[in-house]
Structure formats: structure tokens, C-alpha cells
file upload_35.cif (mmCIF, C-alpha atoms; chains and numbers go by the auth columns)
data_target
#
loop_
_atom_site.group_PDB
_atom_site.id
_atom_site.type_symbol
_atom_site.label_atom_id
_atom_site.label_comp_id
_atom_site.label_asym_id
_atom_site.label_seq_id
_atom_site.Cartn_x
_atom_site.Cartn_y
_atom_site.Cartn_z
_atom_site.B_iso_or_equiv
_atom_site.auth_seq_id
_atom_site.auth_asym_id
ATOM 1 C CA MET A 1 88.891 7.431 44.786 0.00 1 W
ATOM 2 C CA THR A 2 85.728 9.467 45.036 0.00 2 W
ATOM 3 C CA HIS A 3 82.754 9.940 42.731 0.00 3 W
ATOM 4 C CA GLY A 4 84.000 7.290 40.291 0.00 4 W
ATOM 5 C CA VAL A 5 87.160 9.272 39.569 0.00 5 W
ATOM 6 C CA LYS A 6 90.269 7.123 39.140 0.00 6 W
ATOM 7 C CA MET A 7 93.474 7.680 41.050 0.00 7 W
ATOM 8 C CA PRO A 8 95.807 10.116 39.271 0.00 8 W
ATOM 9 C CA VAL A 9 99.135 8.898 37.938 0.00 9 W
ATOM 10 C CA GLN A 10 102.330 9.859 39.771 0.00 10 W
ATOM 11 C CA GLN A 11 105.018 11.561 37.684 0.00 11 W
ATOM 12 C CA VAL A 12 108.741 11.714 38.501 0.00 12 W
ATOM 13 C CA SER A 13 110.495 15.010 37.689 0.00 13 W
ATOM 14 C CA VAL A 14 114.260 15.490 37.625 0.00 14 W
ATOM 15 C CA PHE A 15 116.454 18.547 37.016 0.00 15 W
ATOM 16 C CA LEU A 16 119.557 17.774 34.930 0.00 16 W
ATOM 17 C CA ASP A 17 122.522 19.750 33.675 0.00 17 W
ATOM 18 C CA ASN A 18 121.769 20.681 30.074 0.00 18 W
ATOM 19 C CA LYS A 19 124.734 18.829 28.600 0.00 19 W
ATOM 20 C CA PRO A 20 125.383 15.653 26.618 0.00 20 W
ATOM 21 C CA GLY A 21 125.063 12.437 28.621 0.00 21 W
ATOM 22 C CA SER A 22 122.902 13.766 31.479 0.00 22 W
ATOM 23 C CA LEU A 23 119.721 12.083 30.281 0.00 23 W
ATOM 24 C CA SER A 24 121.612 8.865 29.622 0.00 24 W
ATOM 25 C CA GLN A 25 122.680 8.721 33.270 0.00 25 W
ATOM 26 C CA VAL A 26 119.049 8.909 34.425 0.00 26 W
ATOM 27 C CA MET A 27 117.952 6.281 31.912 0.00 27 W
ATOM 28 C CA GLN A 28 120.770 3.940 32.969 0.00 28 W
ATOM 29 C CA GLN A 29 119.727 4.200 36.634 0.00 29 W
ATOM 30 C CA LEU A 30 116.164 3.241 35.786 0.00 30 W
ATOM 31 C CA GLU A 31 117.196 0.523 33.339 0.00 31 W
ATOM 32 C CA LYS A 32 119.489 -1.038 35.938 0.00 32 W
ATOM 33 C CA LEU A 33 116.435 -1.491 38.181 0.00 33 W
ATOM 34 C CA GLU A 34 114.265 -2.584 35.226 0.00 34 W
ATOM 35 C CA ILE A 35 111.848 0.330 35.741 0.00 35 W
ATOM 36 C CA LYS A 36 109.890 0.942 32.541 0.00 36 W
ATOM 37 C CA ILE A 37 109.220 4.458 31.290 0.00 37 W
ATOM 38 C CA TYR A 38 105.784 4.943 29.731 0.00 38 W
ATOM 39 C CA ALA A 39 105.952 8.675 28.985 0.00 39 W
ATOM 40 C CA LEU A 40 108.809 11.155 28.841 0.00 40 W
ATOM 41 C CA SER A 41 109.031 14.919 28.483 0.00 41 W
ATOM 42 C CA ILE A 42 112.199 16.991 28.249 0.00 42 W
ATOM 43 C CA ALA A 43 112.020 20.761 28.733 0.00 43 W
ATOM 44 C CA ASP A 44 114.880 23.212 28.320 0.00 44 W
ATOM 45 C CA ALA A 45 115.394 25.613 31.210 0.00 45 W
ATOM 46 C CA GLY A 46 118.650 27.334 30.216 0.00 46 W
ATOM 47 C CA GLU A 47 121.569 25.632 31.953 0.00 47 W
ATOM 48 C CA TYR A 48 119.242 22.895 33.171 0.00 48 W
ATOM 49 C CA GLY A 49 116.751 20.509 31.678 0.00 49 W
ATOM 50 C CA LEU A 50 113.583 19.312 33.365 0.00 50 W
ATOM 51 C CA ILE A 51 112.755 15.670 32.720 0.00 51 W
ATOM 52 C CA ARG A 52 109.212 14.504 33.487 0.00 52 W
ATOM 53 C CA MET A 53 108.423 10.781 33.388 0.00 53 W
ATOM 54 C CA VAL A 54 105.609 8.371 34.001 0.00 54 W
ATOM 55 C CA THR A 55 107.288 5.159 35.139 0.00 55 W
ATOM 56 C CA ALA A 56 106.093 1.691 36.126 0.00 56 W
ATOM 57 C CA ASP A 57 107.073 2.379 39.743 0.00 57 W
ATOM 58 C CA PRO A 58 107.286 6.113 40.516 0.00 58 W
ATOM 59 C CA THR A 59 108.163 5.650 44.197 0.00 59 W
ATOM 60 C CA ARG A 60 111.044 3.295 43.426 0.00 60 W
ATOM 61 C CA ALA A 61 112.194 5.456 40.493 0.00 61 W
ATOM 62 C CA ALA A 62 112.268 8.614 42.634 0.00 62 W
ATOM 63 C CA ALA A 63 114.109 6.836 45.461 0.00 63 W
ATOM 64 C CA ALA A 64 116.698 5.354 43.061 0.00 64 W
ATOM 65 C CA LEU A 65 117.339 8.714 41.392 0.00 65 W
ATOM 66 C CA GLU A 66 117.576 10.476 44.741 0.00 66 W
ATOM 67 C CA ASP A 67 120.012 7.817 46.006 0.00 67 W
ATOM 68 C CA ALA A 68 122.100 8.436 42.866 0.00 68 W
ATOM 69 C CA GLU A 69 122.124 12.150 43.850 0.00 69 W
ATOM 70 C CA PHE A 70 119.917 13.434 41.046 0.00 70 W
ATOM 71 C CA ASN A 71 118.006 16.625 41.825 0.00 71 W
ATOM 72 C CA LEU A 72 114.320 15.720 41.960 0.00 72 W
ATOM 73 C CA ALA A 73 111.813 18.498 41.336 0.00 73 W
ATOM 74 C CA LYS A 74 108.881 19.408 43.613 0.00 74 W
ATOM 75 C CA SER A 75 110.771 18.829 46.852 0.00 75 W
ATOM 76 C CA LYS A 76 111.305 15.192 45.865 0.00 76 W
ATOM 77 C CA LYS A 77 107.541 14.594 45.844 0.00 77 W
ATOM 78 C CA ASN A 78 106.043 12.885 42.804 0.00 78 W
ATOM 79 C CA THR A 79 103.518 15.121 41.053 0.00 79 W
ATOM 80 C CA GLU A 80 100.074 13.835 40.147 0.00 80 W
ATOM 81 C CA VAL A 81 99.155 13.935 36.475 0.00 81 W
ATOM 82 C CA THR A 82 96.169 12.727 34.468 0.00 82 W
ATOM 83 C CA ALA A 83 96.528 10.135 31.707 0.00 83 W
ATOM 84 C CA ILE A 84 93.770 10.518 29.122 0.00 84 W
ATOM 85 C CA LEU A 85 92.898 8.108 26.359 0.00 85 W
ATOM 86 C CA ILE A 86 92.787 10.012 23.049 0.00 86 W
ATOM 87 C CA THR A 87 90.316 8.468 20.601 0.00 87 W
ATOM 88 C CA LYS A 88 88.401 9.434 17.475 0.00 88 W
ATOM 89 C CA GLU A 89 85.381 10.178 19.693 0.00 89 W
ATOM 90 C CA ASN A 90 87.480 12.072 22.261 0.00 90 W
ATOM 91 C CA PRO A 91 90.184 14.023 20.411 0.00 91 W
ATOM 92 C CA ILE A 92 92.483 16.531 22.100 0.00 92 W
ATOM 93 C CA SER A 93 90.210 19.392 20.939 0.00 93 W
ATOM 94 C CA LYS A 94 87.296 17.903 22.926 0.00 94 W
ATOM 95 C CA ILE A 95 89.487 17.251 25.992 0.00 95 W
ATOM 96 C CA THR A 96 90.747 20.835 26.091 0.00 96 W
ATOM 97 C CA LYS A 97 87.229 22.203 25.521 0.00 97 W
ATOM 98 C CA ILE A 98 85.801 20.183 28.433 0.00 98 W
ATOM 99 C CA LEU A 99 88.586 21.308 30.753 0.00 99 W
ATOM 100 C CA GLY A 100 88.273 24.940 29.651 0.00 100 W
ATOM 101 C CA GLU A 101 84.508 24.946 30.124 0.00 101 W
ATOM 102 C CA ASN A 102 85.021 23.520 33.623 0.00 102 W
ATOM 103 C CA ASP A 103 87.586 26.216 34.440 0.00 103 W
ATOM 104 C CA VAL A 104 90.492 23.746 34.735 0.00 104 W
ATOM 105 C CA ASN A 105 93.893 25.124 33.736 0.00 105 W
ATOM 106 C CA ILE A 106 96.371 22.808 31.977 0.00 106 W
ATOM 107 C CA GLU A 107 99.863 23.593 33.248 0.00 107 W
ATOM 108 C CA TYR A 108 101.604 21.301 30.734 0.00 108 W
ATOM 109 C CA ALA A 109 101.055 18.186 28.638 0.00 109 W
ATOM 110 C CA TYR A 110 103.025 15.518 26.793 0.00 110 W
ATOM 111 C CA SER A 111 102.223 12.322 24.948 0.00 111 W
ATOM 112 C CA SER A 112 103.171 8.816 25.930 0.00 112 W
ATOM 113 C CA ALA A 113 104.480 5.622 24.419 0.00 113 W
ATOM 114 C CA VAL A 114 101.320 3.928 25.650 0.00 114 W
ATOM 115 C CA HIS A 115 99.065 2.498 22.963 0.00 115 W
ATOM 116 C CA TYR A 116 95.699 1.270 24.155 0.00 116 W
ATOM 117 C CA ASP A 117 93.591 -0.503 21.540 0.00 117 W
ATOM 118 C CA GLY A 118 95.357 1.472 18.790 0.00 118 W
ATOM 119 C CA LYS A 119 94.880 4.801 20.586 0.00 119 W
ATOM 120 C CA PHE A 120 97.365 6.789 22.654 0.00 120 W
ATOM 121 C CA ALA A 121 97.500 8.348 26.090 0.00 121 W
ATOM 122 C CA LEU A 122 98.010 12.057 26.657 0.00 122 W
ATOM 123 C CA ILE A 123 99.630 13.059 29.950 0.00 123 W
ATOM 124 C CA LEU A 124 98.250 16.320 31.373 0.00 124 W
ATOM 125 C CA ARG A 125 99.127 18.272 34.473 0.00 125 W
ATOM 126 C CA PRO A 126 95.959 20.182 35.319 0.00 126 W
ATOM 127 C CA ARG A 127 96.093 22.621 38.210 0.00 127 W
ATOM 128 C CA GLU A 128 93.222 20.694 39.849 0.00 128 W
ATOM 129 C CA VAL A 129 93.682 16.998 39.083 0.00 129 W
ATOM 130 C CA GLU A 130 90.524 15.648 40.757 0.00 130 W
ATOM 131 C CA LYS A 131 88.316 18.335 39.194 0.00 131 W
ATOM 132 C CA ALA A 132 89.846 17.641 35.770 0.00 132 W
ATOM 133 C CA GLU A 133 89.350 13.888 36.024 0.00 133 W
ATOM 134 C CA LYS A 134 85.750 14.269 37.223 0.00 134 W
ATOM 135 C CA SER A 135 84.994 16.732 34.386 0.00 135 W
ATOM 136 C CA LEU A 136 86.411 14.303 31.849 0.00 136 W
ATOM 137 C CA THR A 137 84.732 11.160 33.192 0.00 137 W
ATOM 138 C CA ASP A 138 81.410 13.036 33.449 0.00 138 W
ATOM 139 C CA ASN A 139 81.794 13.625 29.688 0.00 139 W
ATOM 140 C CA ASN A 140 82.602 9.965 28.908 0.00 140 W
ATOM 141 C CA VAL A 141 86.320 10.575 28.408 0.00 141 W
ATOM 142 C CA THR A 142 88.508 7.675 29.546 0.00 142 W
ATOM 143 C CA THR A 143 91.243 8.437 32.059 0.00 143 W
ATOM 144 C CA LEU A 144 93.825 5.763 32.805 0.00 144 W
ATOM 145 C CA THR A 145 95.345 4.606 36.077 0.00 145 W
ATOM 146 C CA LEU A 146 98.983 3.523 36.288 0.00 146 W
ATOM 147 C CA GLU A 147 97.793 -0.094 36.445 0.00 147 W
ATOM 148 C CA GLU A 148 95.829 0.364 33.200 0.00 148 W
ATOM 149 C CA ILE A 149 98.855 1.968 31.556 0.00 149 W
ATOM 150 C CA LYS A 150 101.021 -0.995 32.637 0.00 150 W
ATOM 151 C CA GLN A 151 98.445 -3.488 31.394 0.00 151 W
ATOM 152 C CA HIS A 152 98.248 -1.929 27.923 0.00 152 W
ATOM 153 C CA PHE A 153 101.860 -0.885 27.419 0.00 153 W
ATOM 154 C CA GLN A 154 103.243 -2.197 24.149 0.00 154 W
#

call {"tool": "encode", "arguments": {"input": "upload_35.cif", "output": "C-alpha cells"}}
result
Amino acid sequence: MTHGVKMPVQQVSVFLDNKPGSLSQVMQQLEKLEIKIYALSIADAGEYGLIRMVTADPTRAAAALEDAEFNLAKSKKNTEVTAILITKENPISKITKILGENDVNIEYAYSSAVHYDGKFALILRPREVEKAEKSLTDNNVTTLTLEEIKQHFQ
């Protein structure tokens, strides 16, 4: 961690056949190991689906899915994402404005099941994670670590 910027959150990404039951197989693998899922995104890519997840233990989740012969995205490396606390004072419009003004591109985003003091976390994949997190924290926007997500998961 540098300049007061928190460590980014690791995301697990998996390619699945776009057919009934594929997602269930992934969920069953994680449930068997009691790995909680805090955020989930499903994107359609024709014959395949791309599942992105923030889990309680991304290293263990990726290893378990790889061992079960699931096709992990990004050469089996977990991608860093930023978890941002969305509040009345820091709505999504402010977050996107700060990032835009700091020339940070958002590649994709999804919301989470994480509720923190009645607010929710937005998961973003900025092209430059450290720059994005510094821009946000410099503007008093709360970013969350995986430990903070775990602590406040309801």
C-alpha cells in the first residue's frame, strides 16, 4: 500500500458454457469449500458466459475451480478490482466524474451483495487500479479492502 491507498480486491473470473446448469456447477464447488461470494457478475459472450466474482478467498476459489477443470480467465490470474462504498455523499455520478476527470477508464462495473452501514459497494475494474483508488481517496470516497468487505457482509 502506498500513499494511503488500500490494497485492491482480487476478482475471480471463469468462462462457462452458456447452457443451463453451468453456473450451478461453479457455485456448488465454492459452496462445498464454504467460500462466500460477495459480488457476482454474469456476462453473455455468445456460446460462453463470463462469470466475475469477489469471494472471501480468491486464491482458494481460483485453485478449487481450476482443480475442477473450469476455464479461468486472465491466464488463471485473479484480476484486481476496486470496491467503492456508494453513499448519499458519494453517489455513482460523483465516482464516475472523479475517475473521468483523472483520466481513468472504467472497463466494467457491477454491484455487490455487500451492505455497509446501509450503503452498498460498487465493484469497478478501472484500467489503472492504483490511480483510480488514489483519485477516489483524495476526494474522500471510501474504497474497501477484502477484509472490510468480509467484516461488513450481511

call {"tool": "closest_residue", "arguments": {"input": "upload_35.cif", "among": "W:Gln151, W:Thr79, W:Gln25, W:Asn18", "to": "Leu50 in chain W", "atoms": "only C-alpha atoms"}}
result
W:Asn18

call {"tool": "closest_residue", "arguments": {"input": "upload_35.cif", "among": "W:Gln28, W:Asn90, W:Gln10, W:Ser41", "to": "Ala62 in chain W", "atoms": "only C-alpha atoms"}}
result
W:Gln10

call {"tool": "closest_residue", "arguments": {"input": "upload_35.cif", "among": "W:Lys119, W:His152, W:Lys36, W:Lys131", "to": "Val54 in chain W", "atoms": "all atoms listed in the file"}}
result
W:Lys36

call {"tool": "residues_near_point", "arguments": {"input": "upload_35.cif", "point": "(86.3, 13.9, 34.8)", "cutoff": "10 Å", "atoms": "all atoms listed in the file", "output": "number ranges by chain"}}
result
W: 3-6, 82, 84, 95, 98-99, 102, 129-143

call {"tool": "closest_residue", "arguments": {"input": "upload_35.cif", "among": "W:Asn105, W:Thr87, W:Thr59, W:Asn71", "to": "Asp17 in chain W", "atoms": "all atoms listed in the file"}}
result
W:Asn71

call {"tool": "resolve_selection", "arguments": {"input": "upload_35.cif", "expression": "the PyMOL selection byres ((chain W and resi 38) around 7)", "output": "MDAnalysis selection string"}}
result
chainID W and resid 36:37 39:40 54:55 112:114

call {"tool": "closest_residue", "arguments": {"input": "upload_35.cif", "among": "W:Leu146, W:Leu23, W:Ile123, W:Ile92", "to": "Gly49 in chain W", "atoms": "all atoms listed in the file"}}
result
W:Leu23

call {"tool": "atom_distance", "arguments": {"input": "upload_35.cif", "atom1": "CA of Thr96 in chain W", "atom2": "CA of Ala45 in chain W"}}
result
25.6 Å

call {"tool": "resolve_selection", "arguments": {"input": "upload_35.cif", "expression": "the PyMOL selection byres ((chain W and resi 127) around 8)", "output": "list in words"}}
result
Val104, Asn105, Ile106, Glu107, Arg125, Pro126, Glu128 and Val129 of chain W

call {"tool": "residues_around", "arguments": {"input": "upload_35.cif", "residues": "Ala64 in chain W", "least_positions_apart": "5", "cutoff": "10 Å", "atoms": "only C-alpha atoms", "output": "mmCIF file with C-alpha atoms, in the coordinates of the input"}}
result
data_model
loop_
_atom_site.group_PDB
_atom_site.id
_atom_site.type_symbol
_atom_site.label_atom_id
_atom_site.label_comp_id
_atom_site.auth_asym_id
_atom_site.auth_seq_id
_atom_site.Cartn_x
_atom_site.Cartn_y
_atom_site.Cartn_z
ATOM 1 C CA VAL W 26 119.049 8.909 34.425
ATOM 2 C CA GLN W 29 119.727 4.200 36.634
ATOM 3 C CA LEU W 30 116.164 3.241 35.786
ATOM 4 C CA LYS W 32 119.489 -1.038 35.938
ATOM 5 C CA LEU W 33 116.435 -1.491 38.181
ATOM 6 C CA PRO W 58 107.286 6.113 40.516
ATOM 7 C CA THR W 59 108.163 5.650 44.197
ATOM 8 C CA GLU W 69 122.124 12.150 43.850
ATOM 9 C CA PHE W 70 119.917 13.434 41.046
#

call {"tool": "closest_residue", "arguments": {"input": "upload_35.cif", "among": "W:Asp44, W:Glu80, W:Glu148, W:Asp67", "to": "Asp117 in chain W", "atoms": "all atoms listed in the file"}}
result
W:Glu148

call {"tool": "atom_distance", "arguments": {"input": "upload_35.cif", "atom1": "CA of Gly100 in chain W", "atom2": "CA of Arg52 in chain W"}}
result
23.7 Å

call {"tool": "atom_distance", "arguments": {"input": "upload_35.cif", "atom1": "CA of Phe120 in chain W", "atom2": "CA of Gln11 in chain W"}}
result
17.5 Å

call {"tool": "residues_around", "arguments": {"input": "upload_35.cif", "residues": "Ile51 in chain W", "least_positions_apart": "3", "cutoff": "8 Å", "atoms": "all atoms listed in the file", "output": "count of residues only"}}
result
8

call {"tool": "axis_aligned_box", "arguments": {"input": "upload_35.cif", "around": "range 53-69 of chain W", "padding_each_side": "3 Å", "output": "lines of an AutoDock Vina configuration file"}}
result
center_x = 113.9
center_y = 6.9
center_z = 39.7
size_x = 22.5
size_y = 16.5
size_z = 18.6

call {"tool": "residues_around", "arguments": {"input": "upload_35.cif", "residues": "Thr145 in chain W", "least_positions_apart": "4", "cutoff": "9 Å", "atoms": "only C-alpha atoms", "output": "list of chain:residue names"}}
result
W:Lys6, W:Met7, W:Pro8, W:Val9, W:Thr82, W:Ala83, W:Ile149, W:Lys150
